[in-house]
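Heads up: the structure comes next, in structure tokens.
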Amino acid sequence: MTQATVLKPDDIVETVRAALQYIAVYHAPDYLAHLASAYAREQSPAAKAAMGQILESSRLAALGRRPICQDTGMVTVFARLGQSAMIAGDRTLYELVNEGVRLAYLDAGNPLRASMVADPLLERRNTGDNTPAVTHVELTRGNKLELLIAAKGGGSENKARYTMLNPAASVEDWVVSTIEGLGAGWCPPGLVGVGVGGSAEQAMLIAKRAVMEEIDMSDLLARGASTPLEEMRVRLYHRINALGIGAQGLGGLTTVVDVKLATAPTHAASKPVALVPQCAANRHAKVVMDGSGPAYLDAPDLAAWPRIEGSEMAGLRRVNVDRLTREEMAGWAPGETLLLSGRILTGRDAAHKRMADMLARGEELPVSLRGRVIYYVGPVDPVDGEAVGPAGPTTATRMDPFTSDMLGQGLFAMIGKAERGAETVRDIARHKAAYLIAVGGAAVLVAKAIRSSKVLAFEDLGMEAIREFTVEDMPVMVAVTTQGAAIHQTGPAAWRGAQQSAPA
Ligand SMILES: O=C(O)C[C@H](O)C(=O)O
């Protein structure tokens, strides 16, 4: 019979805290290796540059022990508790996990961003410490506690999809056409988990677990598929990459570095299918506790991070945003890289909603948008020596419903990531405004261009407050021009099918 173990509550708290700090700053070696080879293979200059920035930013994050991405995620824990393991004390596992989350996110040496809002429907007030975690507990044989700890970014979680197919319908066709319609808000290149079978909620859960399995597509391609499920993974990998979406949706050879597939028995009438995309941050780790104390992850070998040559800044157009004119903006070309200097505003979901509500009530905005550039960002709090913590862009598409109102206030340009909707592109052109992108997932690199930061309005919104950043040579790409040319439409169209003729 298995010997019973007793797990100390503080050891569980410490294990969760340490794992969350770890995954916030270190990319896992499997993803890093696959991203590095996708970078080496990439032929699309824009996608290659974006992947180069993600790799370099990841290296800086690991060296400086700062978060890979400003969105330090919603914590999700899959716990497997052996039936012969007992948790001492009277706090539940759920309470202990949340205490670990609180300590990890409020760590003074490396604060992580609090993104959770308590009430999703009405007030949407930030809880301030990123609790609560989403925790799933399964009872298993044995006397150990296994914790799969993840911090899932909002942009990729937003693109999770579910359908109930007819039993005869093709899962592959649904997955490929669904990914084609997702846009780039989930921050490719990443991977996707596909869950087929079970009930509706089980399909989602197995897809979420699957996306956290070890990335092994390079091995699978090298040795060849040996089961029908592996064959399907390989087909999906090629078909998704043949869409040409590419890094950040700019058009390119690699949209996914792997496809994971999990199945469960289901009803004869049903074929539930869940799709869970994972962004370029891909934060998760497994730890096993055996009662001997907290479990820690081994320190990574920093030599695993490839060095990427810095991009050439000479010859790039320098833009002083404090003296920007519509005439100057009209000369920006689609896909051109600009180096911005001067003062930019920040604001994202909650600030836009509040500004739109104020305008609807006929009130004046607390900050004038006339002639300004706004960056859609929720930064991490700074530590000593930083103007701001990691500060990559958030998905601009979510700001589309407010954009017409903001442009009407005289806003000149917006900075974010991913595509804008067709109507917003038309609005941008109508106002002779522009939409620029920074690389999602290159948060440490982006933050290096930010010299100072101060809150101007809506301080109660925490990371979503309106700030003013002073930036120096902040690299951004022109994604929608004043004439309405949109690179997220032209890029993927140009690279569609190109993956088929490229080496895997
Ligand atoms: O919340 C953020 O900073 C980014 C978000 O994860 C997104 O990808 O839109």
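We name chains A, B, ... following the order of the structure tokens; residues begin at 1 in each chain, and ligands are numbered from 1 as shown.
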Apply DSSP to the structure's backbone, then extract all residues of stretch 7-140 of chain A labelled strand (DSSP E) and return them as a PDB file with N, CA and C atoms, in the first residue's frame.
```
ATOM      1  N   LEU A   7       1.380  17.065   3.209  1.00  0.00           N
ATOM      2  CA  LEU A   7       1.927  18.242   2.532  1.00  0.00           C
ATOM      3  C   LEU A   7       1.685  19.463   3.405  1.00  0.00           C
ATOM      4  N   MET A  74      -3.590  35.100 -16.669  1.00  0.00           N
ATOM      5  CA  MET A  74      -4.578  34.588 -15.713  1.00  0.00           C
ATOM      6  C   MET A  74      -4.039  33.237 -15.260  1.00  0.00           C
ATOM      7  N   VAL A  75      -3.920  33.065 -13.962  1.00  0.00           N
ATOM      8  CA  VAL A  75      -3.299  31.822 -13.481  1.00  0.00           C
ATOM      9  C   VAL A  75      -4.301  30.668 -13.587  1.00  0.00           C
ATOM     10  N   THR A  76      -3.832  29.597 -14.190  1.00  0.00           N
ATOM     11  CA  THR A  76      -4.644  28.380 -14.289  1.00  0.00           C
ATOM     12  C   THR A  76      -3.816  27.238 -13.735  1.00  0.00           C
ATOM     13  N   VAL A  77      -4.396  26.502 -12.802  1.00  0.00           N
ATOM     14  CA  VAL A  77      -3.663  25.399 -12.173  1.00  0.00           C
ATOM     15  C   VAL A  77      -4.444  24.107 -12.370  1.00  0.00           C
ATOM     16  N   PHE A  78      -3.760  23.117 -12.930  1.00  0.00           N
ATOM     17  CA  PHE A  78      -4.317  21.765 -12.993  1.00  0.00           C
ATOM     18  C   PHE A  78      -3.605  20.975 -11.903  1.00  0.00           C
ATOM     19  N   ALA A  79      -4.351  20.621 -10.849  1.00  0.00           N
ATOM     20  CA  ALA A  79      -3.740  19.887  -9.733  1.00  0.00           C
ATOM     21  C   ALA A  79      -4.162  18.424  -9.802  1.00  0.00           C
ATOM     22  N   ARG A  80      -3.176  17.531  -9.587  1.00  0.00           N
ATOM     23  CA  ARG A  80      -3.491  16.103  -9.457  1.00  0.00           C
ATOM     24  C   ARG A  80      -3.052  15.696  -8.062  1.00  0.00           C
ATOM     25  N   LEU A  81      -4.021  15.413  -7.243  1.00  0.00           N
ATOM     26  CA  LEU A  81      -3.723  15.121  -5.844  1.00  0.00           C
ATOM     27  C   LEU A  81      -3.849  13.619  -5.608  1.00  0.00           C
ATOM     28  N   GLY A  82      -2.726  13.007  -5.215  1.00  0.00           N
ATOM     29  CA  GLY A  82      -2.745  11.579  -4.898  1.00  0.00           C
ATOM     30  C   GLY A  82      -3.678  11.335  -3.717  1.00  0.00           C
ATOM     31  N   ALA A  85      -2.193  11.445  -0.297  1.00  0.00           N
ATOM     32  CA  ALA A  85      -1.533  12.680   0.165  1.00  0.00           C
ATOM     33  C   ALA A  85      -2.561  13.503   0.934  1.00  0.00           C
ATOM     34  N   MET A  86      -2.100  14.082   2.038  1.00  0.00           N
ATOM     35  CA  MET A  86      -3.028  14.883   2.824  1.00  0.00           C
ATOM     36  C   MET A  86      -2.473  16.294   2.979  1.00  0.00           C
ATOM     37  N   ILE A  87      -3.320  17.277   2.836  1.00  0.00           N
ATOM     38  CA  ILE A  87      -2.856  18.659   3.024  1.00  0.00           C
ATOM     39  C   ILE A  87      -3.159  19.050   4.462  1.00  0.00           C
ATOM     40  N   VAL A 134      -7.764  30.099 -11.692  1.00  0.00           N
ATOM     41  CA  VAL A 134      -8.708  29.057 -12.120  1.00  0.00           C
ATOM     42  C   VAL A 134      -8.047  27.733 -11.756  1.00  0.00           C
ATOM     43  N   THR A 135      -8.681  26.970 -10.885  1.00  0.00           N
ATOM     44  CA  THR A 135      -8.028  25.761 -10.367  1.00  0.00           C
ATOM     45  C   THR A 135      -8.876  24.519 -10.627  1.00  0.00           C
ATOM     46  N   HIS A 136      -8.266  23.535 -11.243  1.00  0.00           N
ATOM     47  CA  HIS A 136      -8.948  22.257 -11.499  1.00  0.00           C
ATOM     48  C   HIS A 136      -8.241  21.184 -10.669  1.00  0.00           C
ATOM     49  N   VAL A 137      -9.002  20.406  -9.930  1.00  0.00           N
ATOM     50  CA  VAL A 137      -8.386  19.371  -9.089  1.00  0.00           C
ATOM     51  C   VAL A 137      -8.911  17.998  -9.502  1.00  0.00           C
ATOM     52  N   GLU A 138      -7.959  17.086  -9.642  1.00  0.00           N
ATOM     53  CA  GLU A 138      -8.307  15.709 -10.012  1.00  0.00           C
ATOM     54  C   GLU A 138      -7.665  14.807  -8.963  1.00  0.00           C
ATOM     55  N   LEU A 139      -8.398  13.789  -8.523  1.00  0.00           N
ATOM     56  CA  LEU A 139      -7.814  12.838  -7.572  1.00  0.00           C
ATOM     57  C   LEU A 139      -7.171  11.696  -8.343  1.00  0.00           C
ATOM     58  N   THR A 140      -5.957  11.325  -7.928  1.00  0.00           N
ATOM     59  CA  THR A 140      -5.253  10.246  -8.632  1.00  0.00           C
ATOM     60  C   THR A 140      -4.716   9.238  -7.613  1.00  0.00           C
TER      61      THR A 140
END
```
Inset, instruction - Around ligand 1, at most 7 Å away and counting only C-alpha atoms and all ligand atoms, which residues are there? Put them as a list in words, please. - result: Gln70, Asp71, Gly153, Gly154, Gly155, Ser156, Gly185, Trp186, Cys187, Val377, Gly378, Gly392, Pro393, Thr394 and Thr395 of chain A
Could the residues in this selection be saved with C-alpha atoms as a tab-separated table (two decimals), in the first residue's frame?
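Ended up saving to selection_4.tsv:
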```tsv
chain	number	residue	atom	x	y	z
A	70	GLN	CA	3.33	42.74	-19.86
A	71	ASP	CA	0.28	40.49	-19.77
A	153	GLY	CA	-2.41	35.75	-21.60
A	154	GLY	CA	-5.78	37.39	-22.26
A	155	GLY	CA	-5.14	37.90	-25.97
A	156	SER	CA	-4.78	34.18	-26.68
A	185	GLY	CA	-4.65	38.97	-31.43
A	186	TRP	CA	-3.49	35.62	-30.01
A	187	CYS	CA	0.12	36.59	-30.80
A	377	VAL	CA	-0.95	49.16	-23.33
A	378	GLY	CA	-1.26	48.05	-19.73
A	392	GLY	CA	4.14	45.52	-25.04
A	393	PRO	CA	0.98	46.32	-26.98
A	394	THR	CA	-2.48	44.94	-26.35
A	395	THR	CA	-4.89	43.78	-29.08
```
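Distances to A:Thr403 were evaluated for A:Lys353, A:Lys417, A:Lys448, A:Arg17 using only C-alpha atoms, and the minimum falls at A:Lys353.
The nearest approach to A:Glu99 among the residues A:Ile12, A:Asp119, A:Val171, A:Ala38, with only C-alpha atoms taken into account, belongs to A:Ile12.
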Mind running stretch 360-457 of chain A against stretch 475-487 of chain A at 10 Å and telling me each contacting residue's nearest atom pair with the distance in Å (one decimal), counting only C-alpha atoms, chain and number ascending, as a tab-separated table?
```
residue	atom	partner	partner_atom	distance
A:Phe412	CA	A:Thr482	CA	9.6
A:Ala413	CA	A:Thr482	CA	9.4
A:Met414	CA	A:Val480	CA	9.7
A:Ile415	CA	A:Val476	CA	7.8
A:Gly416	CA	A:Val476	CA	9.2
A:Lys417	CA	A:Ala479	CA	9.0
A:Ala418	CA	A:Ala479	CA	8.8
A:Glu419	CA	A:Ala479	CA	8.0
A:Arg420	CA	A:Val480	CA	8.4
A:Ala422	CA	A:Ala486	CA	9.4
A:Thr424	CA	A:Gly484	CA	9.5
A:Val425	CA	A:Gly484	CA	5.8
A:Arg426	CA	A:Gly484	CA	6.3
A:Asp427	CA	A:Gly484	CA	8.6
A:Ile428	CA	A:Thr482	CA	6.6
A:Ala429	CA	A:Gly484	CA	4.7
A:Arg430	CA	A:Thr482	CA	8.0
A:His431	CA	A:Thr482	CA	7.7
A:Lys432	CA	A:Thr482	CA	4.5
A:Ala433	CA	A:Thr482	CA	5.1
A:Ala434	CA	A:Thr481	CA	5.1
A:Tyr435	CA	A:Val480	CA	4.8
A:Leu436	CA	A:Val478	CA	4.6
A:Ile437	CA	A:Met477	CA	5.2
A:Ala438	CA	A:Val476	CA	4.9
A:Val439	CA	A:Val476	CA	7.9
A:Leu445	CA	A:Pro475	CA	9.7
A:Val446	CA	A:Pro475	CA	7.7
A:Ala449	CA	A:Pro475	CA	8.2
```
Take the residues that were just selected and, keeping N, CA and C atoms, output them as a compact mmCIF listing (two decimals), in the first residue's frame.
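Final output, saved to selection38.txt:
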```txt
# COMPACT_ATOMS: atom_id res chain seq x y z
N PHE A 412 -4.70 61.43 -33.67
CA PHE A 412 -3.94 61.26 -34.91
C PHE A 412 -3.61 59.80 -35.20
N ALA A 413 -3.12 59.09 -34.19
CA ALA A 413 -2.65 57.72 -34.47
C ALA A 413 -2.79 56.84 -33.23
N MET A 414 -2.86 55.54 -33.48
CA MET A 414 -2.98 54.55 -32.42
C MET A 414 -1.85 53.54 -32.59
N ILE A 415 -1.37 53.01 -31.46
CA ILE A 415 -0.36 51.94 -31.51
C ILE A 415 -0.94 50.74 -30.76
N GLY A 416 -0.88 49.57 -31.38
CA GLY A 416 -1.37 48.36 -30.72
C GLY A 416 -0.76 47.16 -31.38
N LYS A 417 -1.51 46.06 -31.35
CA LYS A 417 -1.08 44.88 -32.11
C LYS A 417 -2.31 44.27 -32.75
N ALA A 418 -2.08 43.49 -33.81
CA ALA A 418 -3.13 42.76 -34.55
C ALA A 418 -3.95 43.70 -35.43
N GLU A 419 -4.83 43.06 -36.20
CA GLU A 419 -5.56 43.75 -37.25
C GLU A 419 -6.69 44.63 -36.70
N ARG A 420 -7.13 45.59 -37.51
CA ARG A 420 -8.34 46.37 -37.20
C ARG A 420 -9.46 45.86 -38.12
N ALA A 422 -12.72 45.99 -40.71
CA ALA A 422 -12.85 46.72 -41.98
C ALA A 422 -13.45 48.12 -41.76
N THR A 424 -13.29 49.96 -39.08
CA THR A 424 -12.30 50.82 -38.41
C THR A 424 -11.23 51.28 -39.39
N VAL A 425 -10.82 50.39 -40.29
CA VAL A 425 -9.84 50.80 -41.30
C VAL A 425 -10.42 51.95 -42.13
N ARG A 426 -11.70 51.82 -42.46
CA ARG A 426 -12.33 52.91 -43.24
C ARG A 426 -12.38 54.20 -42.42
N ASP A 427 -12.70 54.09 -41.12
CA ASP A 427 -12.74 55.27 -40.25
C ASP A 427 -11.37 55.93 -40.17
N ILE A 428 -10.34 55.09 -40.06
CA ILE A 428 -8.97 55.63 -39.95
C ILE A 428 -8.65 56.45 -41.21
N ALA A 429 -9.00 55.87 -42.38
CA ALA A 429 -8.70 56.58 -43.64
C ALA A 429 -9.55 57.85 -43.75
N ARG A 430 -10.81 57.76 -43.32
CA ARG A 430 -11.71 58.93 -43.42
C ARG A 430 -11.16 60.10 -42.60
N HIS A 431 -10.55 59.77 -41.45
CA HIS A 431 -10.01 60.83 -40.58
C HIS A 431 -8.55 61.15 -40.93
N LYS A 432 -8.00 60.49 -41.96
CA LYS A 432 -6.59 60.67 -42.32
C LYS A 432 -5.69 60.42 -41.10
N ALA A 433 -6.08 59.41 -40.34
CA ALA A 433 -5.31 59.00 -39.16
C ALA A 433 -4.46 57.78 -39.54
N ALA A 434 -3.80 57.16 -38.58
CA ALA A 434 -2.97 55.99 -38.88
C ALA A 434 -3.00 55.02 -37.71
N TYR A 435 -2.74 53.76 -38.01
CA TYR A 435 -2.63 52.72 -36.97
C TYR A 435 -1.25 52.08 -37.10
N LEU A 436 -0.54 52.06 -35.98
CA LEU A 436 0.84 51.55 -35.95
C LEU A 436 0.87 50.32 -35.04
N ILE A 437 1.83 49.44 -35.27
CA ILE A 437 1.92 48.28 -34.37
C ILE A 437 3.32 48.15 -33.77
N ALA A 438 3.31 47.70 -32.52
CA ALA A 438 4.55 47.25 -31.87
C ALA A 438 4.43 45.73 -31.80
N VAL A 439 5.52 45.04 -31.50
CA VAL A 439 5.48 43.58 -31.54
C VAL A 439 4.96 43.03 -30.21
N LEU A 445 11.72 44.61 -24.69
CA LEU A 445 12.39 45.42 -25.72
C LEU A 445 11.64 46.75 -25.94
N VAL A 446 10.33 46.67 -26.04
CA VAL A 446 9.53 47.89 -26.25
C VAL A 446 9.75 48.86 -25.08
N ALA A 449 12.48 51.67 -24.83
CA ALA A 449 12.37 52.97 -25.49
C ALA A 449 11.58 53.99 -24.66
```
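With distances restricted to only C-alpha atoms, A:Ala50 is the closest residue to A:Gly251 from A:Ala50, A:Ala4, A:Met217, A:Met406.
Restricting the calculation to only C-alpha atoms, the smallest distance between A:Leu148 and any of A:Leu60, A:Ala207, A:Leu20, A:Val471 is found for A:Leu20.
Counting only C-alpha atoms, the residue from A:Ala280, A:Ala299, A:Val444, A:Val287 that sits nearest to A:Leu32 is A:Ala280.
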Inset, instruction - Run DSSP on the backbone and grab whatever in stretch 221-414 of chain A lands in alpha helix (DSSP H); send it over as JSON, numbers by chain. - result: {"A": [221, 222, 223, 228, 229, 230, 231, 232, 233, 234, 235, 236, 237, 238, 239, 240, 241, 326, 327, 328, 329, 330, 349, 350, 351, 352, 353, 354, 355, 356, 357, 358, 359, 360, 400, 401, 402, 403, 404, 405, 406, 407, 408]}
